[in-house]
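**Q** What follows is structure.cif, made up of mmCIF, C-alpha atoms:
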```cif
data_model
#
loop_
_atom_site.label_atom_id
_atom_site.label_comp_id
_atom_site.auth_asym_id
_atom_site.auth_seq_id
_atom_site.Cartn_x
_atom_site.Cartn_y
_atom_site.Cartn_z
CA MET D 1 -46.20 64.00 76.69
CA VAL D 2 -45.06 60.39 76.57
CA SER D 3 -47.04 58.16 78.91
CA ARG D 4 -45.34 55.91 81.42
CA GLY D 5 -46.47 52.80 79.54
CA GLU D 6 -44.96 54.01 76.27
CA MET D 7 -41.74 54.95 78.07
CA TRP D 8 -41.39 51.43 79.53
CA LYS D 9 -42.08 49.94 76.09
CA LYS D 10 -39.25 52.02 74.63
CA ILE D 11 -36.90 51.00 77.43
CA ALA D 12 -37.82 47.32 76.96
CA ALA D 13 -37.35 47.54 73.18
CA GLN D 14 -33.96 49.24 73.49
CA SER D 15 -32.86 46.79 76.19
CA PHE D 16 -33.79 43.88 73.93
CA ILE D 17 -31.81 45.36 71.03
CA TRP D 18 -28.75 45.89 73.23
CA LEU D 19 -29.06 42.35 74.57
CA VAL D 20 -29.10 40.93 71.04
CA LEU D 21 -26.09 43.05 70.07
CA LEU D 22 -24.28 41.92 73.20
CA LEU D 23 -24.91 38.25 72.40
CA MET D 24 -23.72 38.82 68.83
CA TYR D 25 -20.54 40.77 69.52
CA LEU D 26 -19.39 39.68 72.98
CA PRO D 27 -17.82 36.41 71.67
CA ILE D 28 -16.01 38.36 68.95
CA LEU D 29 -14.75 40.97 71.40
CA THR D 30 -13.58 38.18 73.71
CA LEU D 31 -11.72 36.54 70.84
CA ILE D 32 -10.06 39.85 69.93
CA ALA D 33 -9.01 40.39 73.54
CA PHE D 34 -7.41 36.94 73.83
CA SER D 35 -5.57 37.40 70.54
CA PHE D 36 -3.32 39.79 72.47
CA THR D 37 -2.04 37.16 74.88
CA SER D 38 0.28 34.25 74.12
CA ALA D 39 -1.60 31.70 76.25
CA THR D 40 -2.24 28.41 74.48
CA ASN D 41 -5.33 27.56 76.51
CA LEU D 42 -8.45 29.54 75.70
CA GLY D 43 -9.64 31.79 78.49
CA THR D 44 -6.21 32.06 80.12
CA TRP D 45 -4.60 35.49 80.26
CA THR D 46 -0.80 35.56 80.60
CA GLY D 47 -0.29 39.24 79.92
CA PHE D 48 -0.47 41.53 76.91
CA SER D 49 1.60 40.26 73.99
CA LEU D 50 1.79 40.51 70.18
CA GLU D 51 3.49 37.14 69.97
CA LEU D 52 0.55 35.46 68.22
CA TYR D 53 0.56 38.09 65.47
CA GLY D 54 4.29 37.64 64.93
CA GLY D 55 4.01 33.85 64.93
CA LEU D 56 1.03 33.92 62.56
CA PHE D 57 3.04 35.12 59.57
CA HIS D 58 5.76 32.54 60.23
CA ASP D 59 3.33 29.61 60.33
CA GLU D 60 3.60 28.14 56.83
CA GLU D 61 0.62 25.83 57.30
CA ILE D 62 -1.77 28.62 58.25
CA MET D 63 -0.41 30.94 55.56
CA ALA D 64 -0.89 28.25 52.89
CA ALA D 65 -4.46 27.62 54.08
CA LEU D 66 -5.14 31.37 54.10
CA GLY D 67 -3.73 31.74 50.59
CA ASN D 68 -5.83 28.84 49.31
CA THR D 69 -8.94 30.29 50.94
CA VAL D 70 -8.44 33.76 49.47
CA ILE D 71 -7.64 32.47 45.96
CA ILE D 72 -10.68 30.18 45.88
CA ALA D 73 -12.95 32.91 47.30
CA LEU D 74 -11.86 35.56 44.80
CA VAL D 75 -11.90 33.30 41.72
CA SER D 76 -15.25 31.70 42.60
CA ALA D 77 -16.75 35.12 43.41
CA VAL D 78 -15.69 36.53 40.03
CA VAL D 79 -17.07 33.52 38.13
CA SER D 80 -20.29 33.58 40.18
CA VAL D 81 -20.79 37.31 39.60
CA VAL D 82 -20.31 36.99 35.83
CA LEU D 83 -22.64 33.98 35.51
CA GLY D 84 -25.15 35.25 38.09
CA THR D 85 -25.38 38.72 36.53
CA MET D 86 -25.77 37.32 33.01
CA GLY D 87 -28.38 34.87 34.27
CA ALA D 88 -30.33 37.56 36.11
CA ILE D 89 -30.38 39.82 33.05
CA GLY D 90 -31.42 36.93 30.81
CA VAL D 91 -34.25 35.85 33.12
CA PHE D 92 -35.41 39.46 33.54
CA TYR D 93 -36.00 39.83 29.80
CA MET D 94 -37.62 36.41 29.35
CA LYS D 95 -41.28 35.92 28.56
CA ARG D 96 -43.58 35.82 31.58
CA ARG D 97 -44.16 32.04 31.73
CA SER D 98 -40.50 31.13 31.15
CA LYS D 99 -39.47 33.80 33.65
CA LYS D 100 -41.63 32.32 36.42
CA ALA D 101 -40.26 28.84 35.74
CA MET D 102 -36.64 30.05 35.88
CA GLU D 103 -37.24 32.06 39.06
CA PHE D 104 -38.70 28.96 40.71
CA VAL D 105 -35.67 26.88 39.64
CA THR D 106 -33.22 29.45 41.00
CA GLN D 107 -34.92 29.39 44.42
CA ILE D 108 -34.19 25.68 44.97
CA PRO D 109 -30.39 25.90 45.52
CA VAL D 110 -30.88 28.67 48.09
CA VAL D 111 -33.08 26.53 50.38
CA ASN D 112 -31.36 23.24 49.49
CA PRO D 113 -29.20 21.89 52.37
CA GLU D 114 -25.49 22.27 51.70
CA ILE D 115 -24.86 18.58 52.34
CA VAL D 116 -27.19 17.73 49.43
CA ILE D 117 -25.24 20.06 47.12
CA ALA D 118 -21.92 18.56 48.25
CA MET D 119 -23.07 14.95 47.85
CA SER D 120 -24.58 15.58 44.42
CA LEU D 121 -21.34 17.20 43.24
CA VAL D 122 -19.28 14.26 44.54
CA VAL D 123 -21.51 11.74 42.76
CA MET D 124 -21.25 13.71 39.51
CA PHE D 125 -17.45 14.08 39.71
CA VAL D 126 -16.95 10.40 40.57
CA PHE D 127 -19.21 9.31 37.70
CA LEU D 128 -17.42 11.56 35.20
CA GLY D 129 -14.04 10.46 36.49
CA ASN D 130 -14.86 6.74 36.31
CA TYR D 131 -16.80 6.58 33.04
CA VAL D 132 -15.81 9.61 30.97
CA PHE D 133 -12.30 10.83 31.79
CA ARG D 134 -11.03 7.55 33.32
CA GLU D 135 -9.16 9.36 36.09
CA SER D 136 -9.87 11.17 39.33
CA LEU D 137 -11.17 14.68 38.74
CA PHE D 138 -10.83 16.02 42.27
CA SER D 139 -8.60 19.08 42.16
CA PHE D 140 -8.78 22.85 42.39
CA TRP D 141 -11.25 22.86 39.49
CA THR D 142 -13.79 20.61 41.20
CA LEU D 143 -13.47 22.74 44.31
CA LEU D 144 -14.01 25.87 42.22
CA VAL D 145 -17.13 24.37 40.62
CA GLY D 146 -18.47 23.52 44.08
CA HIS D 147 -18.00 27.06 45.38
CA VAL D 148 -19.54 28.58 42.24
CA VAL D 149 -22.58 26.30 42.54
CA LEU D 150 -22.90 27.33 46.19
CA SER D 151 -22.72 31.10 45.68
CA LEU D 152 -24.24 31.56 42.20
CA PRO D 153 -27.93 31.60 43.33
CA PHE D 154 -27.16 34.26 45.94
CA VAL D 155 -25.52 36.50 43.33
CA TYR D 156 -28.61 36.10 41.17
CA LEU D 157 -30.85 37.11 44.09
CA SER D 158 -28.66 40.16 44.76
CA VAL D 159 -28.82 41.40 41.16
CA LYS D 160 -32.50 40.63 40.55
CA PRO D 161 -33.98 43.44 42.76
CA LYS D 162 -31.83 46.06 41.04
CA LEU D 163 -33.14 44.94 37.66
CA GLN D 164 -36.70 45.19 38.96
CA GLN D 165 -36.03 48.73 40.24
CA MET D 166 -34.56 49.78 36.89
CA ASP D 167 -36.69 51.60 34.34
CA PRO D 168 -37.28 48.93 31.64
CA SER D 169 -37.46 51.59 28.92
CA LEU D 170 -33.80 52.58 29.41
CA TYR D 171 -32.53 49.66 27.37
CA GLU D 172 -34.91 50.34 24.47
CA ALA D 173 -34.04 54.05 24.61
CA ALA D 174 -30.33 53.24 24.34
CA LEU D 175 -31.01 51.06 21.28
CA ASP D 176 -33.11 53.83 19.70
CA LEU D 177 -30.24 56.29 20.22
CA GLY D 178 -27.86 54.08 18.24
CA CYS D 179 -26.29 51.76 20.80
CA THR D 180 -25.70 48.14 19.91
CA PRO D 181 -27.17 45.57 22.37
CA ARG D 182 -23.69 45.05 23.83
CA GLN D 183 -23.12 48.80 24.25
CA ALA D 184 -26.56 49.23 25.84
CA LEU D 185 -25.76 46.41 28.26
CA ARG D 186 -22.37 47.89 29.17
CA LYS D 187 -23.35 51.57 29.34
CA VAL D 188 -26.93 51.42 30.65
CA ILE D 189 -27.84 48.17 32.40
CA ILE D 190 -24.55 47.35 34.16
CA PRO D 191 -24.23 50.83 35.80
CA GLU D 192 -27.85 50.60 36.98
CA ILE D 193 -27.38 47.21 38.64
CA ALA D 194 -23.82 47.83 39.87
CA PRO D 195 -24.80 47.99 43.59
CA GLY D 196 -26.48 44.58 43.31
CA VAL D 197 -23.46 43.15 41.51
CA ALA D 198 -21.16 44.49 44.24
CA SER D 199 -23.39 43.02 46.97
CA GLY D 200 -23.43 39.69 45.16
CA PHE D 201 -19.63 39.73 44.88
CA LEU D 202 -19.17 40.37 48.61
CA LEU D 203 -21.77 37.73 49.48
CA ALA D 204 -20.05 35.18 47.21
CA ILE D 205 -16.71 35.87 48.90
CA THR D 206 -18.29 35.48 52.35
CA LEU D 207 -19.95 32.18 51.43
CA SER D 208 -16.69 30.84 50.02
CA LEU D 209 -14.59 31.92 52.99
CA ASP D 210 -17.09 30.33 55.37
CA ASP D 211 -17.66 27.06 53.57
CA PHE D 212 -16.55 23.72 54.96
CA ILE D 213 -18.92 20.99 53.69
CA VAL D 214 -18.58 21.63 49.94
CA THR D 215 -14.84 22.21 50.34
CA ALA D 216 -14.32 18.99 52.26
CA PHE D 217 -16.25 16.95 49.68
CA THR D 218 -14.91 18.45 46.43
CA ARG D 219 -11.27 19.36 47.11
CA GLY D 220 -8.23 17.65 45.67
CA ALA D 221 -4.52 18.37 45.38
CA GLY D 222 -3.25 21.72 44.16
CA LEU D 223 -2.72 25.43 44.78
CA LEU D 224 -0.41 26.29 47.69
CA SER D 225 -0.81 22.80 49.18
CA GLY D 226 1.20 21.29 46.32
CA ALA D 227 0.72 17.54 45.95
CA ASN D 228 -1.34 17.37 49.15
CA GLN D 229 -5.07 17.97 49.46
CA ILE D 230 -6.03 21.63 49.36
CA GLU D 231 -6.38 22.99 52.88
CA THR D 232 -8.54 26.04 53.52
CA LEU D 233 -8.96 27.74 56.88
CA SER D 234 -12.14 25.80 57.66
CA THR D 235 -10.66 22.37 56.80
CA LEU D 236 -7.41 23.22 58.63
CA VAL D 237 -9.27 24.11 61.83
CA GLN D 238 -11.31 20.91 61.58
CA ALA D 239 -8.13 18.85 61.11
CA LYS D 240 -6.45 20.54 64.09
CA ILE D 241 -9.47 19.91 66.33
CA LYS D 242 -9.14 16.17 65.64
CA LYS D 243 -5.52 16.13 66.81
CA GLY D 244 -5.67 18.62 69.66
CA PRO D 245 -6.31 22.31 70.44
CA ILE D 246 -6.69 24.92 67.71
CA PRO D 247 -3.40 26.78 67.08
CA PRO D 248 -3.47 30.00 69.14
CA GLU D 249 -2.29 31.92 66.05
CA MET D 250 -5.77 31.36 64.62
CA ARG D 251 -7.07 33.86 67.18
CA ALA D 252 -4.85 36.53 65.67
CA LEU D 253 -5.86 35.58 62.13
CA THR D 254 -9.60 35.68 62.85
CA THR D 255 -9.15 39.07 64.53
CA ILE D 256 -7.43 40.43 61.42
CA ILE D 257 -10.19 39.02 59.19
CA PHE D 258 -12.90 40.57 61.38
CA LEU D 259 -11.24 43.99 61.38
CA PHE D 260 -10.72 43.80 57.61
CA VAL D 261 -14.41 42.99 57.05
CA LEU D 262 -15.41 45.76 59.48
CA ILE D 263 -13.38 48.31 57.50
CA ILE D 264 -15.04 47.18 54.25
CA VAL D 265 -18.54 47.41 55.74
CA ILE D 266 -17.89 50.89 57.15
CA SER D 267 -16.41 52.06 53.84
CA VAL D 268 -19.36 50.74 51.84
CA THR D 269 -21.83 52.33 54.28
CA LEU D 270 -20.10 55.72 54.09
CA TYR D 271 -19.94 55.51 50.30
CA ARG D 272 -23.65 54.72 50.01
CA SER D 273 -24.50 57.49 52.46
CA HIS D 274 -22.42 59.94 50.41
CA LYS D 275 -24.13 58.84 47.18
CA ALA D 276 -27.59 59.17 48.79
CA LYS D 277 -26.79 62.72 49.97
CA GLU D 278 -25.56 63.62 46.50
CA ALA D 279 -28.78 62.27 44.95
CA VAL D 280 -30.89 64.32 47.39
CA ARG D 281 -28.83 67.41 46.65
CA ARG D 282 -29.27 66.97 42.90
CA GLN D 283 -33.03 66.54 43.31
CA GLY D 284 -33.12 69.71 45.37
CA LEU D 285 -31.38 71.60 42.58
#
```
Show me this structure written as structure tokens.

**A**
Amino acid sequence: MVSRGEMWKKIAAQSFIWLVLLLMYLPILTLIAFSFTSATNLGTWTGFSLELYGGLFHDEEIMAALGNTVIIALVSAVVSVVLGTMGAIGVFYMKRRSKKAMEFVTQIPVVNPEIVIAMSLVVMFVFLGNYVFRESLFSFWTLLVGHVVLSLPFVYLSVKPKLQQMDPSLYEAALDLGCTPRQALRKVIIPEIAPGVASGFLLAITLSLDDFIVTAFTRGAGLLSGANQIETLSTLVQAKIKKGPIPPEMRALTTIIFLFVLIIVISVTLYRSHKAKEAVRRQGL
């Protein structure tokens, strides 16, 4: 039988967990609720309405910022995944001393404050623009470099554990069976580390979507903003706060983003659970 002390410990532990979950999700649930009212002022309910969702897709400024954000996130995530995966594989097969040195170097950007990364990029781009190219470099490409620099170390850290879990003899076995190094990489290593690559890709997209400091420091004209400075969702919100209240349509947009992310997380979880059950079933056979 469970003693009274143990029962109270369980109740306290569960209460603490529910309290943490409440603090995490109550603001989001509140935001979702107020996305279904047309009130301009936050916290004011004027009745159920889908007006904000209708107005969202007619707001050219928000749609341009959303388009810029998605394009930058996807492109930077792809570049980061390619470079991060190649880097992780290269470091994994390095000699022990060189491997330790490279792993130490890759840890620095993760703990480095984002403002330091942004400032260092600005100094580099200004120097190259003034003394090498003789023109301003700030554009979509500098912004892309900034986002890749930001997310690349996290992709590396996502892929690295999968390489460590992999049987190191698989690569040599593939070579012994007649595969070229490129074929062994494509047919053996990449499938083994695919979950880490996928996690790194999603993490890179999240970091890019969230970013403000690097974006604000490294952006220039281009993409859907035309001749104006590139506006992403984070820089647009910051600009609107300076002038007045945040557009109420942003409540609808953030609700859509949250639901989209929730669907992805649930799908990935169900897929992994299905794969785990299949693996257990195969082992049982």

**Q** Using Å and a single decimal, report how far atom CA of D:Gly54 sits from atom CA of D:Leu224.

**A**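 Separating atom CA of D:Leu224 from atom CA of D:Gly54 is a distance of 21.2 Å.
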
**Q** Write out as a ChimeraX atom specification each polymer residue whose atoms come within 12 Å of stretch 100-115 of chain D, counting only C-alpha atoms; drop sequence neighbours fewer than 2 positions from it.

**A** /D:84,87-98,117-122,146-157,160,207,211-218

**Q** The PyMOL selection byres ((chain D and resi 36) around 6) on the file shown: which residues, as a list in words?

**A**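 Applied to this file, the PyMOL selection byres ((chain D and resi 36) around 6) selects Ala33, Phe34, Ser35, Thr37, Phe48, Ser49 and Leu50 of chain D.
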
**Q** In Å, with one decimal, what is the gap from atom CA of D:Thr232 to atom CA of D:Asn68?

**A** 5.7 Å

**Q** Mind giving me the straight-line distance from atom CA of D:Met124 to atom CA of D:Phe140 in Å, one decimal?

**A**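 Computing the Euclidean distance for atom CA of D:Met124 and atom CA of D:Phe140 yields 15.7 Å.
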
**Q** Excluding D:Ile28 and any residue of its chain fewer than 3 positions from it, enumerate the residues within 12 Å of it, using only C-alpha atoms, and give them as a list in words.

**A** Leu21, Leu22, Leu23, Met24, Tyr25, Leu31, Ile32, Ala33, Phe34, Ser35, Arg251, Ala252, Thr254, Thr255, Ile256, Ile257, Phe258 and Leu259 of chain D

**Q** Using all atoms listed in the file for the distances, tell me which of D:Thr180, D:Gln165, D:Thr235, D:Thr85 is nearest to D:Leu209.

**A**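 That would be D:Thr235, the residue with the smallest distance to D:Leu209.
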
**Q** Excluding same-chain residues fewer than 6 positions from stretch 183-197 of chain D, what lies within 7 Å of it counting only C-alpha atoms, as a ChimeraX atom specification?

**A** /D:81,85,158-159,162-163,166,171,174-175

**Q** Which residues are close to D:Ile62, i.e. within 10 Å by only C-alpha atoms, leaving aside same-chain residues fewer than 2 positions away? Reply as a PDB file with C-alpha atoms, in the coordinates of the input.

**A**
```
ATOM      1  CA  LEU D  56       1.030  33.920  62.560  1.00  0.00           C
ATOM      2  CA  PHE D  57       3.040  35.120  59.570  1.00  0.00           C
ATOM      3  CA  HIS D  58       5.760  32.540  60.230  1.00  0.00           C
ATOM      4  CA  ASP D  59       3.330  29.610  60.330  1.00  0.00           C
ATOM      5  CA  GLU D  60       3.600  28.140  56.830  1.00  0.00           C
ATOM      6  CA  ALA D  64      -0.890  28.250  52.890  1.00  0.00           C
ATOM      7  CA  ALA D  65      -4.460  27.620  54.080  1.00  0.00           C
ATOM      8  CA  LEU D  66      -5.140  31.370  54.100  1.00  0.00           C
ATOM      9  CA  GLY D  67      -3.730  31.740  50.590  1.00  0.00           C
ATOM     10  CA  ASN D  68      -5.830  28.840  49.310  1.00  0.00           C
ATOM     11  CA  GLU D 231      -6.380  22.990  52.880  1.00  0.00           C
ATOM     12  CA  THR D 232      -8.540  26.040  53.520  1.00  0.00           C
ATOM     13  CA  LEU D 233      -8.960  27.740  56.880  1.00  0.00           C
ATOM     14  CA  LEU D 236      -7.410  23.220  58.630  1.00  0.00           C
ATOM     15  CA  VAL D 237      -9.270  24.110  61.830  1.00  0.00           C
ATOM     16  CA  PRO D 247      -3.400  26.780  67.080  1.00  0.00           C
ATOM     17  CA  GLU D 249      -2.290  31.920  66.050  1.00  0.00           C
ATOM     18  CA  MET D 250      -5.770  31.360  64.620  1.00  0.00           C
ATOM     19  CA  LEU D 253      -5.860  35.580  62.130  1.00  0.00           C
TER      20      LEU D 253
END
```

**Q** Add whatever atoms are absent from stretch 29-64 of chain D to reach N, CA and C atoms, and provide the output as an mmCIF file, keeping the file's coordinate frame.

**A**
```
data_model
loop_
_atom_site.group_PDB
_atom_site.id
_atom_site.type_symbol
_atom_site.label_atom_id
_atom_site.label_comp_id
_atom_site.auth_asym_id
_atom_site.auth_seq_id
_atom_site.Cartn_x
_atom_site.Cartn_y
_atom_site.Cartn_z
ATOM 1 N N LEU D 29 -15.602 40.087 70.596
ATOM 2 C CA LEU D 29 -14.750 40.970 71.400
ATOM 3 C C LEU D 29 -13.851 40.153 72.335
ATOM 4 N N THR D 30 -14.384 39.058 72.864
ATOM 5 C CA THR D 30 -13.580 38.180 73.710
ATOM 6 C C THR D 30 -12.435 37.557 72.919
ATOM 7 N N LEU D 31 -12.749 37.107 71.701
ATOM 8 C CA LEU D 31 -11.720 36.540 70.840
ATOM 9 C C LEU D 31 -10.630 37.560 70.542
ATOM 10 N N ILE D 32 -11.039 38.798 70.223
ATOM 11 C CA ILE D 32 -10.060 39.850 69.930
ATOM 12 C C ILE D 32 -9.171 40.101 71.147
ATOM 13 N N ALA D 33 -9.786 40.140 72.315
ATOM 14 C CA ALA D 33 -9.010 40.390 73.540
ATOM 15 C C ALA D 33 -7.963 39.305 73.759
ATOM 16 N N PHE D 34 -8.347 38.045 73.574
ATOM 17 C CA PHE D 34 -7.410 36.940 73.830
ATOM 18 C C PHE D 34 -6.454 36.692 72.669
ATOM 19 N N SER D 35 -6.591 37.477 71.582
ATOM 20 C CA SER D 35 -5.570 37.400 70.540
ATOM 21 C C SER D 35 -4.332 38.198 70.924
ATOM 22 N N PHE D 36 -4.442 38.984 71.994
ATOM 23 C CA PHE D 36 -3.320 39.790 72.470
ATOM 24 C C PHE D 36 -2.654 39.182 73.707
ATOM 25 N N THR D 37 -2.784 37.882 73.843
ATOM 26 C CA THR D 37 -2.040 37.160 74.880
ATOM 27 C C THR D 37 -1.520 35.876 74.270
ATOM 28 N N SER D 38 -0.374 35.408 74.738
ATOM 29 C CA SER D 38 0.280 34.250 74.120
ATOM 30 C C SER D 38 -0.152 32.922 74.728
ATOM 31 N N ALA D 39 -1.158 32.939 75.602
ATOM 32 C CA ALA D 39 -1.600 31.700 76.250
ATOM 33 C C ALA D 39 -2.127 30.712 75.226
ATOM 34 N N THR D 40 -1.761 29.454 75.378
ATOM 35 C CA THR D 40 -2.240 28.410 74.480
ATOM 36 C C THR D 40 -3.675 28.030 74.802
ATOM 37 N N ASN D 41 -3.992 27.935 76.083
ATOM 38 C CA ASN D 41 -5.330 27.560 76.510
ATOM 39 C C ASN D 41 -6.281 28.752 76.405
ATOM 40 N N LEU D 42 -7.451 28.498 75.824
ATOM 41 C CA LEU D 42 -8.450 29.540 75.700
ATOM 42 C C LEU D 42 -8.943 29.986 77.066
ATOM 43 N N GLY D 43 -9.130 31.275 77.228
ATOM 44 C CA GLY D 43 -9.640 31.790 78.490
ATOM 45 C C GLY D 43 -8.571 32.072 79.522
ATOM 46 N N THR D 44 -7.322 31.809 79.192
ATOM 47 C CA THR D 44 -6.210 32.060 80.120
ATOM 48 C C THR D 44 -5.448 33.296 79.673
ATOM 49 N N TRP D 45 -5.297 34.249 80.580
ATOM 50 C CA TRP D 45 -4.600 35.490 80.260
ATOM 51 C C TRP D 45 -3.212 35.471 80.904
ATOM 52 N N THR D 46 -2.186 35.589 80.089
ATOM 53 C CA THR D 46 -0.800 35.560 80.600
ATOM 54 C C THR D 46 -0.092 36.887 80.363
ATOM 55 N N GLY D 47 -0.879 37.935 80.157
ATOM 56 C CA GLY D 47 -0.290 39.240 79.920
ATOM 57 C C GLY D 47 -0.374 39.669 78.471
ATOM 58 N N PHE D 48 -0.353 40.993 78.260
ATOM 59 C CA PHE D 48 -0.470 41.530 76.910
ATOM 60 C C PHE D 48 0.754 41.153 76.083
ATOM 61 N N SER D 49 0.500 40.686 74.864
ATOM 62 C CA SER D 49 1.600 40.260 73.990
ATOM 63 C C SER D 49 1.121 40.270 72.530
ATOM 64 N N LEU D 50 2.044 40.582 71.625
ATOM 65 C CA LEU D 50 1.790 40.510 70.180
ATOM 66 C C LEU D 50 2.444 39.279 69.572
ATOM 67 N N GLU D 51 2.780 38.331 70.432
ATOM 68 C CA GLU D 51 3.490 37.140 69.970
ATOM 69 C C GLU D 51 2.688 36.339 68.945
ATOM 70 N N LEU D 52 1.382 36.239 69.145
ATOM 71 C CA LEU D 52 0.550 35.460 68.220
ATOM 72 C C LEU D 52 0.543 36.087 66.831
ATOM 73 N N TYR D 53 0.553 37.418 66.759
ATOM 74 C CA TYR D 53 0.560 38.090 65.470
ATOM 75 C C TYR D 53 1.900 37.896 64.757
ATOM 76 N N GLY D 54 2.983 37.899 65.526
ATOM 77 C CA GLY D 54 4.290 37.640 64.930
ATOM 78 C C GLY D 54 4.423 36.206 64.465
ATOM 79 N N GLY D 55 3.928 35.264 65.298
ATOM 80 C CA GLY D 55 4.010 33.850 64.930
ATOM 81 C C GLY D 55 3.096 33.476 63.786
ATOM 82 N N LEU D 56 1.998 34.232 63.614
ATOM 83 C CA LEU D 56 1.030 33.920 62.560
ATOM 84 C C LEU D 56 1.682 33.932 61.187
ATOM 85 N N PHE D 57 2.460 34.969 60.910
ATOM 86 C CA PHE D 57 3.040 35.120 59.570
ATOM 87 C C PHE D 57 4.254 34.230 59.350
ATOM 88 N N HIS D 58 4.675 33.510 60.381
ATOM 89 C CA HIS D 58 5.760 32.540 60.230
ATOM 90 C C HIS D 58 5.244 31.107 60.217
ATOM 91 N N ASP D 59 3.932 30.943 60.370
ATOM 92 C CA ASP D 59 3.330 29.610 60.330
ATOM 93 C C ASP D 59 2.974 29.275 58.886
ATOM 94 N N GLU D 60 3.790 28.453 58.248
ATOM 95 C CA GLU D 60 3.600 28.140 56.830
ATOM 96 C C GLU D 60 2.279 27.426 56.562
ATOM 97 N N GLU D 61 1.854 26.582 57.497
ATOM 98 C CA GLU D 61 0.620 25.830 57.300
ATOM 99 C C GLU D 61 -0.594 26.753 57.267
ATOM 100 N N ILE D 62 -0.653 27.678 58.207
ATOM 101 C CA ILE D 62 -1.770 28.620 58.250
ATOM 102 C C ILE D 62 -1.721 29.569 57.059
ATOM 103 N N MET D 63 -0.534 30.023 56.697
ATOM 104 C CA MET D 63 -0.410 30.940 55.560
ATOM 105 C C MET D 63 -0.821 30.264 54.251
ATOM 106 N N ALA D 64 -0.478 28.976 54.097
ATOM 107 C CA ALA D 64 -0.890 28.250 52.890
ATOM 108 C C ALA D 64 -2.405 28.092 52.863
#
```
